[in-house]
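Student: Below is the file work13.txt, with compact mmCIF, N, CA and C atoms.
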# COMPACT_ATOMS: atom_id res chain seq x y z
N MET A 1 0.84 -1.18 0.00
CA MET A 1 0.00 0.00 0.00
C MET A 1 0.89 1.24 0.00
N VAL A 2 0.48 2.24 -0.72
CA VAL A 2 1.25 3.48 -0.85
C VAL A 2 0.93 4.39 0.33
N LYS A 3 2.00 4.87 0.95
CA LYS A 3 1.82 5.82 2.05
C LYS A 3 1.54 7.18 1.47
N ARG A 4 0.58 7.88 2.03
CA ARG A 4 0.23 9.21 1.56
C ARG A 4 0.93 10.24 2.42
N LYS A 5 1.68 11.10 1.78
CA LYS A 5 2.38 12.16 2.49
C LYS A 5 1.48 13.37 2.58
N ASP A 6 1.66 14.14 3.63
CA ASP A 6 0.91 15.38 3.79
C ASP A 6 1.63 16.46 3.01
N ALA A 7 1.14 16.74 1.82
CA ALA A 7 1.80 17.71 0.94
C ALA A 7 1.69 19.13 1.47
N SER A 8 0.80 19.38 2.44
CA SER A 8 0.66 20.73 2.97
C SER A 8 1.75 21.06 3.97
N SER A 9 2.44 20.07 4.46
CA SER A 9 3.52 20.30 5.41
C SER A 9 4.73 20.88 4.70
N SER A 10 5.28 21.95 5.26
CA SER A 10 6.44 22.57 4.62
C SER A 10 7.64 21.64 4.65
N ASP A 11 7.74 20.75 5.64
CA ASP A 11 8.84 19.80 5.71
C ASP A 11 8.81 18.85 4.52
N SER A 12 7.63 18.43 4.09
CA SER A 12 7.54 17.49 2.99
C SER A 12 7.86 18.15 1.66
N MET A 13 7.90 19.48 1.63
CA MET A 13 8.17 20.21 0.40
C MET A 13 9.65 20.57 0.25
N VAL A 14 10.47 20.27 1.27
CA VAL A 14 11.89 20.57 1.20
C VAL A 14 12.51 19.73 0.08
N GLY A 15 13.19 20.39 -0.82
CA GLY A 15 13.81 19.69 -1.94
C GLY A 15 12.82 19.27 -3.01
N TRP A 16 11.59 19.67 -2.85
CA TRP A 16 10.53 19.30 -3.78
C TRP A 16 10.52 20.28 -4.94
N ASN A 17 10.28 19.79 -6.15
CA ASN A 17 10.33 20.64 -7.32
C ASN A 17 9.11 20.35 -8.20
N TYR A 18 8.29 21.38 -8.42
CA TYR A 18 7.06 21.23 -9.20
C TYR A 18 7.35 20.72 -10.61
N GLU A 19 8.28 21.37 -11.28
CA GLU A 19 8.59 20.98 -12.65
C GLU A 19 9.12 19.56 -12.72
N GLY A 20 9.92 19.18 -11.73
CA GLY A 20 10.44 17.81 -11.67
C GLY A 20 9.33 16.79 -11.50
N LYS A 21 8.34 17.12 -10.67
CA LYS A 21 7.20 16.21 -10.47
C LYS A 21 6.40 16.06 -11.75
N VAL A 22 6.22 17.17 -12.47
CA VAL A 22 5.47 17.11 -13.73
C VAL A 22 6.19 16.20 -14.72
N VAL A 23 7.51 16.31 -14.79
CA VAL A 23 8.29 15.45 -15.68
C VAL A 23 8.12 13.98 -15.26
N GLU A 24 8.19 13.71 -13.97
CA GLU A 24 8.00 12.33 -13.48
C GLU A 24 6.64 11.79 -13.88
N ILE A 25 5.61 12.60 -13.71
CA ILE A 25 4.25 12.18 -14.07
C ILE A 25 4.16 11.89 -15.56
N GLU A 26 4.73 12.76 -16.37
CA GLU A 26 4.72 12.56 -17.82
C GLU A 26 5.44 11.28 -18.21
N GLN A 27 6.56 10.98 -17.54
CA GLN A 27 7.32 9.76 -17.83
C GLN A 27 6.51 8.52 -17.46
N ILE A 28 5.82 8.57 -16.33
CA ILE A 28 4.99 7.44 -15.91
C ILE A 28 3.89 7.21 -16.94
N ILE A 29 3.23 8.28 -17.35
CA ILE A 29 2.15 8.16 -18.33
C ILE A 29 2.68 7.57 -19.63
N ALA A 30 3.84 8.03 -20.07
CA ALA A 30 4.42 7.52 -21.31
C ALA A 30 4.73 6.03 -21.21
N ARG A 31 5.27 5.59 -20.06
CA ARG A 31 5.58 4.18 -19.87
C ARG A 31 4.32 3.33 -19.83
N ILE A 32 3.28 3.84 -19.19
CA ILE A 32 2.01 3.10 -19.13
C ILE A 32 1.43 2.99 -20.54
N GLU A 33 1.38 4.11 -21.26
CA GLU A 33 0.82 4.12 -22.60
C GLU A 33 1.61 3.25 -23.58
N ALA A 34 2.92 3.17 -23.37
CA ALA A 34 3.78 2.38 -24.26
C ALA A 34 3.67 0.89 -23.97
N GLY A 35 3.02 0.53 -22.87
CA GLY A 35 2.88 -0.88 -22.52
C GLY A 35 4.17 -1.50 -22.02
N GLU A 36 5.05 -0.69 -21.46
CA GLU A 36 6.35 -1.16 -20.98
C GLU A 36 6.28 -1.88 -19.63
N LEU A 37 5.16 -1.79 -18.95
CA LEU A 37 5.08 -2.28 -17.57
C LEU A 37 4.15 -3.48 -17.45
N ASP A 38 4.47 -4.33 -16.48
CA ASP A 38 3.55 -5.40 -16.11
C ASP A 38 2.35 -4.77 -15.42
N LEU A 39 1.26 -5.50 -15.36
CA LEU A 39 0.03 -4.96 -14.79
C LEU A 39 0.24 -4.48 -13.36
N GLU A 40 0.96 -5.25 -12.56
CA GLU A 40 1.22 -4.85 -11.17
C GLU A 40 1.99 -3.53 -11.13
N ASP A 41 2.98 -3.40 -12.01
CA ASP A 41 3.76 -2.16 -12.07
C ASP A 41 2.92 -0.99 -12.55
N VAL A 42 1.96 -1.25 -13.44
CA VAL A 42 1.07 -0.19 -13.90
C VAL A 42 0.31 0.39 -12.72
N PHE A 43 -0.25 -0.47 -11.87
CA PHE A 43 -0.99 0.02 -10.71
C PHE A 43 -0.09 0.78 -9.74
N GLU A 44 1.13 0.28 -9.54
CA GLU A 44 2.06 0.95 -8.63
C GLU A 44 2.45 2.33 -9.19
N GLN A 45 2.78 2.38 -10.46
CA GLN A 45 3.17 3.64 -11.08
C GLN A 45 1.99 4.61 -11.15
N PHE A 46 0.80 4.09 -11.42
CA PHE A 46 -0.38 4.93 -11.45
C PHE A 46 -0.60 5.56 -10.07
N SER A 47 -0.45 4.76 -9.03
CA SER A 47 -0.61 5.26 -7.67
C SER A 47 0.42 6.35 -7.37
N THR A 48 1.65 6.14 -7.82
CA THR A 48 2.70 7.14 -7.64
C THR A 48 2.35 8.43 -8.37
N ALA A 49 1.84 8.31 -9.59
CA ALA A 49 1.46 9.49 -10.37
C ALA A 49 0.32 10.26 -9.70
N VAL A 50 -0.66 9.53 -9.16
CA VAL A 50 -1.78 10.19 -8.48
C VAL A 50 -1.28 10.95 -7.26
N GLU A 51 -0.39 10.36 -6.50
CA GLU A 51 0.16 11.04 -5.32
C GLU A 51 0.94 12.28 -5.75
N SER A 52 1.70 12.17 -6.80
CA SER A 52 2.45 13.32 -7.31
C SER A 52 1.51 14.43 -7.77
N LEU A 53 0.41 14.05 -8.40
CA LEU A 53 -0.58 15.04 -8.82
C LEU A 53 -1.20 15.74 -7.62
N ARG A 54 -1.43 15.00 -6.55
CA ARG A 54 -1.96 15.61 -5.32
C ARG A 54 -0.97 16.62 -4.75
N GLN A 55 0.30 16.26 -4.77
CA GLN A 55 1.33 17.16 -4.28
C GLN A 55 1.39 18.43 -5.13
N CYS A 56 1.29 18.26 -6.44
CA CYS A 56 1.31 19.42 -7.35
C CYS A 56 0.10 20.31 -7.10
N GLU A 57 -1.06 19.70 -6.92
CA GLU A 57 -2.26 20.48 -6.65
C GLU A 57 -2.14 21.26 -5.35
N SER A 58 -1.62 20.61 -4.32
CA SER A 58 -1.43 21.28 -3.04
C SER A 58 -0.44 22.43 -3.17
N PHE A 59 0.64 22.20 -3.89
CA PHE A 59 1.64 23.24 -4.12
C PHE A 59 1.01 24.46 -4.80
N LEU A 60 0.23 24.20 -5.85
CA LEU A 60 -0.39 25.30 -6.59
C LEU A 60 -1.42 26.04 -5.73
N GLN A 61 -2.16 25.30 -4.90
CA GLN A 61 -3.13 25.94 -4.01
C GLN A 61 -2.43 26.84 -3.00
N GLN A 62 -1.30 26.36 -2.46
CA GLN A 62 -0.55 27.17 -1.50
C GLN A 62 -0.04 28.45 -2.16
N ARG A 63 0.47 28.32 -3.36
CA ARG A 63 0.98 29.49 -4.07
C ARG A 63 -0.15 30.46 -4.40
N GLN A 64 -1.31 29.93 -4.76
CA GLN A 64 -2.46 30.79 -5.06
C GLN A 64 -2.88 31.57 -3.81
N GLN A 65 -2.85 30.92 -2.65
CA GLN A 65 -3.17 31.60 -1.41
C GLN A 65 -2.17 32.71 -1.12
N GLN A 66 -0.89 32.44 -1.39
CA GLN A 66 0.13 33.46 -1.18
C GLN A 66 -0.10 34.66 -2.11
N VAL A 67 -0.42 34.38 -3.36
CA VAL A 67 -0.69 35.46 -4.32
C VAL A 67 -1.90 36.26 -3.87
N ASN A 68 -2.95 35.57 -3.46
CA ASN A 68 -4.16 36.26 -2.99
C ASN A 68 -3.86 37.15 -1.79
N LEU A 69 -3.04 36.66 -0.88
CA LEU A 69 -2.66 37.45 0.29
C LEU A 69 -1.86 38.68 -0.11
N LEU A 70 -0.93 38.51 -1.05
CA LEU A 70 -0.15 39.66 -1.52
C LEU A 70 -1.05 40.69 -2.20
N ILE A 71 -1.98 40.22 -3.00
CA ILE A 71 -2.90 41.14 -3.68
C ILE A 71 -3.76 41.87 -2.66
N GLU A 72 -4.22 41.15 -1.66
CA GLU A 72 -5.03 41.76 -0.60
C GLU A 72 -4.22 42.80 0.15
N THR A 73 -2.97 42.50 0.43
CA THR A 73 -2.08 43.43 1.13
C THR A 73 -1.89 44.71 0.31
N LEU A 74 -1.70 44.54 -1.00
CA LEU A 74 -1.53 45.71 -1.87
C LEU A 74 -2.81 46.54 -1.93
N SER A 75 -3.96 45.88 -1.91
CA SER A 75 -5.23 46.59 -1.97
C SER A 75 -5.50 47.38 -0.71
N ASP A 76 -4.97 46.91 0.42
CA ASP A 76 -5.18 47.58 1.70
C ASP A 76 -4.34 48.84 1.84
N GLU A 77 -3.28 48.94 1.06
CA GLU A 77 -2.35 50.09 1.20
C GLU A 77 -2.84 51.30 0.49
Mind turning the file's structure into structure tokens?

Tutor:
Amino acid sequence: MVKRKDASSSDSMVGWNYEGKVVEIEQIIARIEAGELDLEDVFEQFSTAVESLRQCESFLQQRQQQVNLLIETLSDE
């Protein structure tokens, strides 16, 4: 079973790279589509890709909140 990391924790984001995760996801998709993997590996890689997508979504949501806060701060001045 795949352990789910809390992507909202700043500790889990140390050394984390959005663009790198996107590349990893694209590589997994390409390998699945190419039929390079056994069925068991397909499920494992798919699970990894889903977790990476969750991390990317969390990252983007955090950045959107930061942008919104900055915009709000500028509007208050």

Student: Identify all residues of chain A in helix (DSSP H, G or I) (DSSP on the backbone) and supply them as a ChimeraX atom specification.

Tutor: /A:11-13,18-34,39-76

Student: To one decimal place in Å, what is the distance between atom N of Ile28 in chain A and atom C of Ser52 in chain A?

Tutor: 11.2 Å

Student: I'd like the interatomic distance between CA of Asp41 in chain A and CA of Leu60 in chain A, to a tenth of an Å.

Tutor: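 Computing it gives 28.3 Å between the two atoms.
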
Student: Determine the nearest neighbour of Ala49 in chain A from the options A:Lys21, A:Val67, A:Ala34, A:Leu74, counting only C-alpha atoms.

Tutor: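 Smallest separation from Ala49 in chain A among the options: A:Lys21.
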
Student: In Å to one decimal, how far is atom C of Glu57 in chain A from atom C of Ile25 in chain A?

Tutor: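 Straight-line distance from atom C of Ile25 in chain A to atom C of Glu57 in chain A works out to 15.2 Å.
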
Student: Report as JSON, numbers by chain all protein, DNA and RNA residues lying within 7 Å of Ile32 in chain A, evaluated on all atoms listed in the file, omitting residues in the same chain fewer than 5 positions from it.

Tutor: {"A": [27, 37, 42]}

Student: From the list A:Glu24, A:Ala30, A:Glu72, A:Val14, which residue is nearest Thr48 in chain A when using all atoms listed in the file?

Tutor: A:Glu24

Student: Which neighbours of Tyr18 in chain A fall inside 6.5 Å, counting all atoms listed in the file, when residues of the same chain fewer than 4 positions from it are skipped, and could you give them as JSON, numbers by chain?

Tutor: {"A": [22, 23, 56]}

Student: All heavy atoms for range 39-50 of chain A, written as a PDB file, in the frame of the given file, could you do that?

Tutor:
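In the end it all went to rebuild_34.pdb:
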ATOM      1  N   LEU A  39       1.260  -5.500 -15.360  1.00  0.00           N
ATOM      2  CA  LEU A  39       0.030  -4.960 -14.790  1.00  0.00           C
ATOM      3  C   LEU A  39       0.240  -4.480 -13.360  1.00  0.00           C
ATOM      4  O   LEU A  39      -0.223  -3.404 -12.979  1.00  0.00           O
ATOM      5  CB  LEU A  39      -1.093  -6.003 -14.850  1.00  0.00           C
ATOM      6  CG  LEU A  39      -2.470  -5.524 -14.418  1.00  0.00           C
ATOM      7  CD1 LEU A  39      -2.906  -4.335 -15.267  1.00  0.00           C
ATOM      8  CD2 LEU A  39      -3.475  -6.653 -14.518  1.00  0.00           C
ATOM      9  N   GLU A  40       0.960  -5.250 -12.560  1.00  0.00           N
ATOM     10  CA  GLU A  40       1.220  -4.850 -11.170  1.00  0.00           C
ATOM     11  C   GLU A  40       1.990  -3.530 -11.130  1.00  0.00           C
ATOM     12  O   GLU A  40       1.692  -2.646 -10.324  1.00  0.00           O
ATOM     13  CB  GLU A  40       2.011  -5.937 -10.446  1.00  0.00           C
ATOM     14  CG  GLU A  40       2.242  -5.636  -8.984  1.00  0.00           C
ATOM     15  CD  GLU A  40       2.953  -6.772  -8.257  1.00  0.00           C
ATOM     16  OE1 GLU A  40       2.931  -7.911  -8.744  1.00  0.00           O
ATOM     17  OE2 GLU A  40       3.543  -6.479  -7.203  1.00  0.00           O
ATOM     18  N   ASP A  41       2.980  -3.400 -12.010  1.00  0.00           N
ATOM     19  CA  ASP A  41       3.760  -2.160 -12.070  1.00  0.00           C
ATOM     20  C   ASP A  41       2.920  -0.990 -12.550  1.00  0.00           C
ATOM     21  O   ASP A  41       3.132   0.154 -12.128  1.00  0.00           O
ATOM     22  CB  ASP A  41       4.978  -2.337 -12.975  1.00  0.00           C
ATOM     23  CG  ASP A  41       6.007  -3.288 -12.381  1.00  0.00           C
ATOM     24  OD1 ASP A  41       6.061  -3.404 -11.136  1.00  0.00           O
ATOM     25  OD2 ASP A  41       6.749  -3.918 -13.162  1.00  0.00           O
ATOM     26  N   VAL A  42       1.960  -1.250 -13.440  1.00  0.00           N
ATOM     27  CA  VAL A  42       1.070  -0.190 -13.900  1.00  0.00           C
ATOM     28  C   VAL A  42       0.310   0.390 -12.720  1.00  0.00           C
ATOM     29  O   VAL A  42       0.237   1.612 -12.565  1.00  0.00           O
ATOM     30  CB  VAL A  42       0.071  -0.718 -14.970  1.00  0.00           C
ATOM     31  CG1 VAL A  42      -1.035   0.299 -15.225  1.00  0.00           C
ATOM     32  CG2 VAL A  42       0.801  -1.054 -16.261  1.00  0.00           C
ATOM     33  N   PHE A  43      -0.250  -0.470 -11.870  1.00  0.00           N
ATOM     34  CA  PHE A  43      -0.990   0.020 -10.710  1.00  0.00           C
ATOM     35  C   PHE A  43      -0.090   0.780  -9.740  1.00  0.00           C
ATOM     36  O   PHE A  43      -0.470   1.816  -9.203  1.00  0.00           O
ATOM     37  CB  PHE A  43      -1.701  -1.126  -9.987  1.00  0.00           C
ATOM     38  CG  PHE A  43      -2.889  -1.635 -10.742  1.00  0.00           C
ATOM     39  CD1 PHE A  43      -2.895  -2.902 -11.287  1.00  0.00           C
ATOM     40  CD2 PHE A  43      -4.013  -0.836 -10.923  1.00  0.00           C
ATOM     41  CE1 PHE A  43      -3.992  -3.371 -11.998  1.00  0.00           C
ATOM     42  CE2 PHE A  43      -5.111  -1.286 -11.615  1.00  0.00           C
ATOM     43  CZ  PHE A  43      -5.102  -2.561 -12.163  1.00  0.00           C
ATOM     44  N   GLU A  44       1.130   0.280  -9.540  1.00  0.00           N
ATOM     45  CA  GLU A  44       2.060   0.950  -8.630  1.00  0.00           C
ATOM     46  C   GLU A  44       2.450   2.330  -9.190  1.00  0.00           C
ATOM     47  O   GLU A  44       2.439   3.331  -8.469  1.00  0.00           O
ATOM     48  CB  GLU A  44       3.314   0.099  -8.449  1.00  0.00           C
ATOM     49  CG  GLU A  44       4.316   0.698  -7.489  1.00  0.00           C
ATOM     50  CD  GLU A  44       5.541  -0.185  -7.327  1.00  0.00           C
ATOM     51  OE1 GLU A  44       5.387  -1.407  -7.239  1.00  0.00           O
ATOM     52  OE2 GLU A  44       6.642   0.387  -7.299  1.00  0.00           O
ATOM     53  N   GLN A  45       2.780   2.380 -10.460  1.00  0.00           N
ATOM     54  CA  GLN A  45       3.170   3.640 -11.080  1.00  0.00           C
ATOM     55  C   GLN A  45       1.990   4.610 -11.150  1.00  0.00           C
ATOM     56  O   GLN A  45       2.165   5.815 -10.949  1.00  0.00           O
ATOM     57  CB  GLN A  45       3.736   3.391 -12.488  1.00  0.00           C
ATOM     58  CG  GLN A  45       5.071   2.691 -12.491  1.00  0.00           C
ATOM     59  CD  GLN A  45       6.144   3.539 -11.835  1.00  0.00           C
ATOM     60  OE1 GLN A  45       6.431   4.652 -12.287  1.00  0.00           O
ATOM     61  NE2 GLN A  45       6.743   3.045 -10.771  1.00  0.00           N
ATOM     62  N   PHE A  46       0.800   4.090 -11.420  1.00  0.00           N
ATOM     63  CA  PHE A  46      -0.380   4.930 -11.450  1.00  0.00           C
ATOM     64  C   PHE A  46      -0.600   5.560 -10.070  1.00  0.00           C
ATOM     65  O   PHE A  46      -0.892   6.757  -9.960  1.00  0.00           O
ATOM     66  CB  PHE A  46      -1.612   4.131 -11.875  1.00  0.00           C
ATOM     67  CG  PHE A  46      -2.867   4.938 -11.944  1.00  0.00           C
ATOM     68  CD1 PHE A  46      -3.101   5.797 -13.002  1.00  0.00           C
ATOM     69  CD2 PHE A  46      -3.819   4.854 -10.938  1.00  0.00           C
ATOM     70  CE1 PHE A  46      -4.262   6.559 -13.064  1.00  0.00           C
ATOM     71  CE2 PHE A  46      -4.979   5.612 -10.985  1.00  0.00           C
ATOM     72  CZ  PHE A  46      -5.199   6.461 -12.052  1.00  0.00           C
ATOM     73  N   SER A  47      -0.450   4.760  -9.030  1.00  0.00           N
ATOM     74  CA  SER A  47      -0.610   5.260  -7.670  1.00  0.00           C
ATOM     75  C   SER A  47       0.420   6.350  -7.370  1.00  0.00           C
ATOM     76  O   SER A  47       0.101   7.378  -6.763  1.00  0.00           O
ATOM     77  CB  SER A  47      -0.462   4.096  -6.681  1.00  0.00           C
ATOM     78  OG  SER A  47      -0.571   4.553  -5.369  1.00  0.00           O
ATOM     79  N   THR A  48       1.650   6.140  -7.820  1.00  0.00           N
ATOM     80  CA  THR A  48       2.700   7.140  -7.640  1.00  0.00           C
ATOM     81  C   THR A  48       2.350   8.430  -8.370  1.00  0.00           C
ATOM     82  O   THR A  48       2.513   9.536  -7.822  1.00  0.00           O
ATOM     83  CB  THR A  48       4.050   6.597  -8.158  1.00  0.00           C
ATOM     84  OG1 THR A  48       4.390   5.428  -7.406  1.00  0.00           O
ATOM     85  CG2 THR A  48       5.155   7.619  -8.041  1.00  0.00           C
ATOM     86  N   ALA A  49       1.840   8.310  -9.590  1.00  0.00           N
ATOM     87  CA  ALA A  49       1.460   9.490 -10.370  1.00  0.00           C
ATOM     88  C   ALA A  49       0.320  10.260  -9.700  1.00  0.00           C
ATOM     89  O   ALA A  49       0.344  11.487  -9.644  1.00  0.00           O
ATOM     90  CB  ALA A  49       1.067   9.079 -11.786  1.00  0.00           C
ATOM     91  N   VAL A  50      -0.660   9.530  -9.160  1.00  0.00           N
ATOM     92  CA  VAL A  50      -1.780  10.190  -8.480  1.00  0.00           C
ATOM     93  C   VAL A  50      -1.280  10.950  -7.260  1.00  0.00           C
ATOM     94  O   VAL A  50      -1.687  12.095  -7.021  1.00  0.00           O
ATOM     95  CB  VAL A  50      -2.873   9.159  -8.095  1.00  0.00           C
ATOM     96  CG1 VAL A  50      -3.891   9.765  -7.140  1.00  0.00           C
ATOM     97  CG2 VAL A  50      -3.560   8.628  -9.344  1.00  0.00           C
TER      98      VAL A  50
END
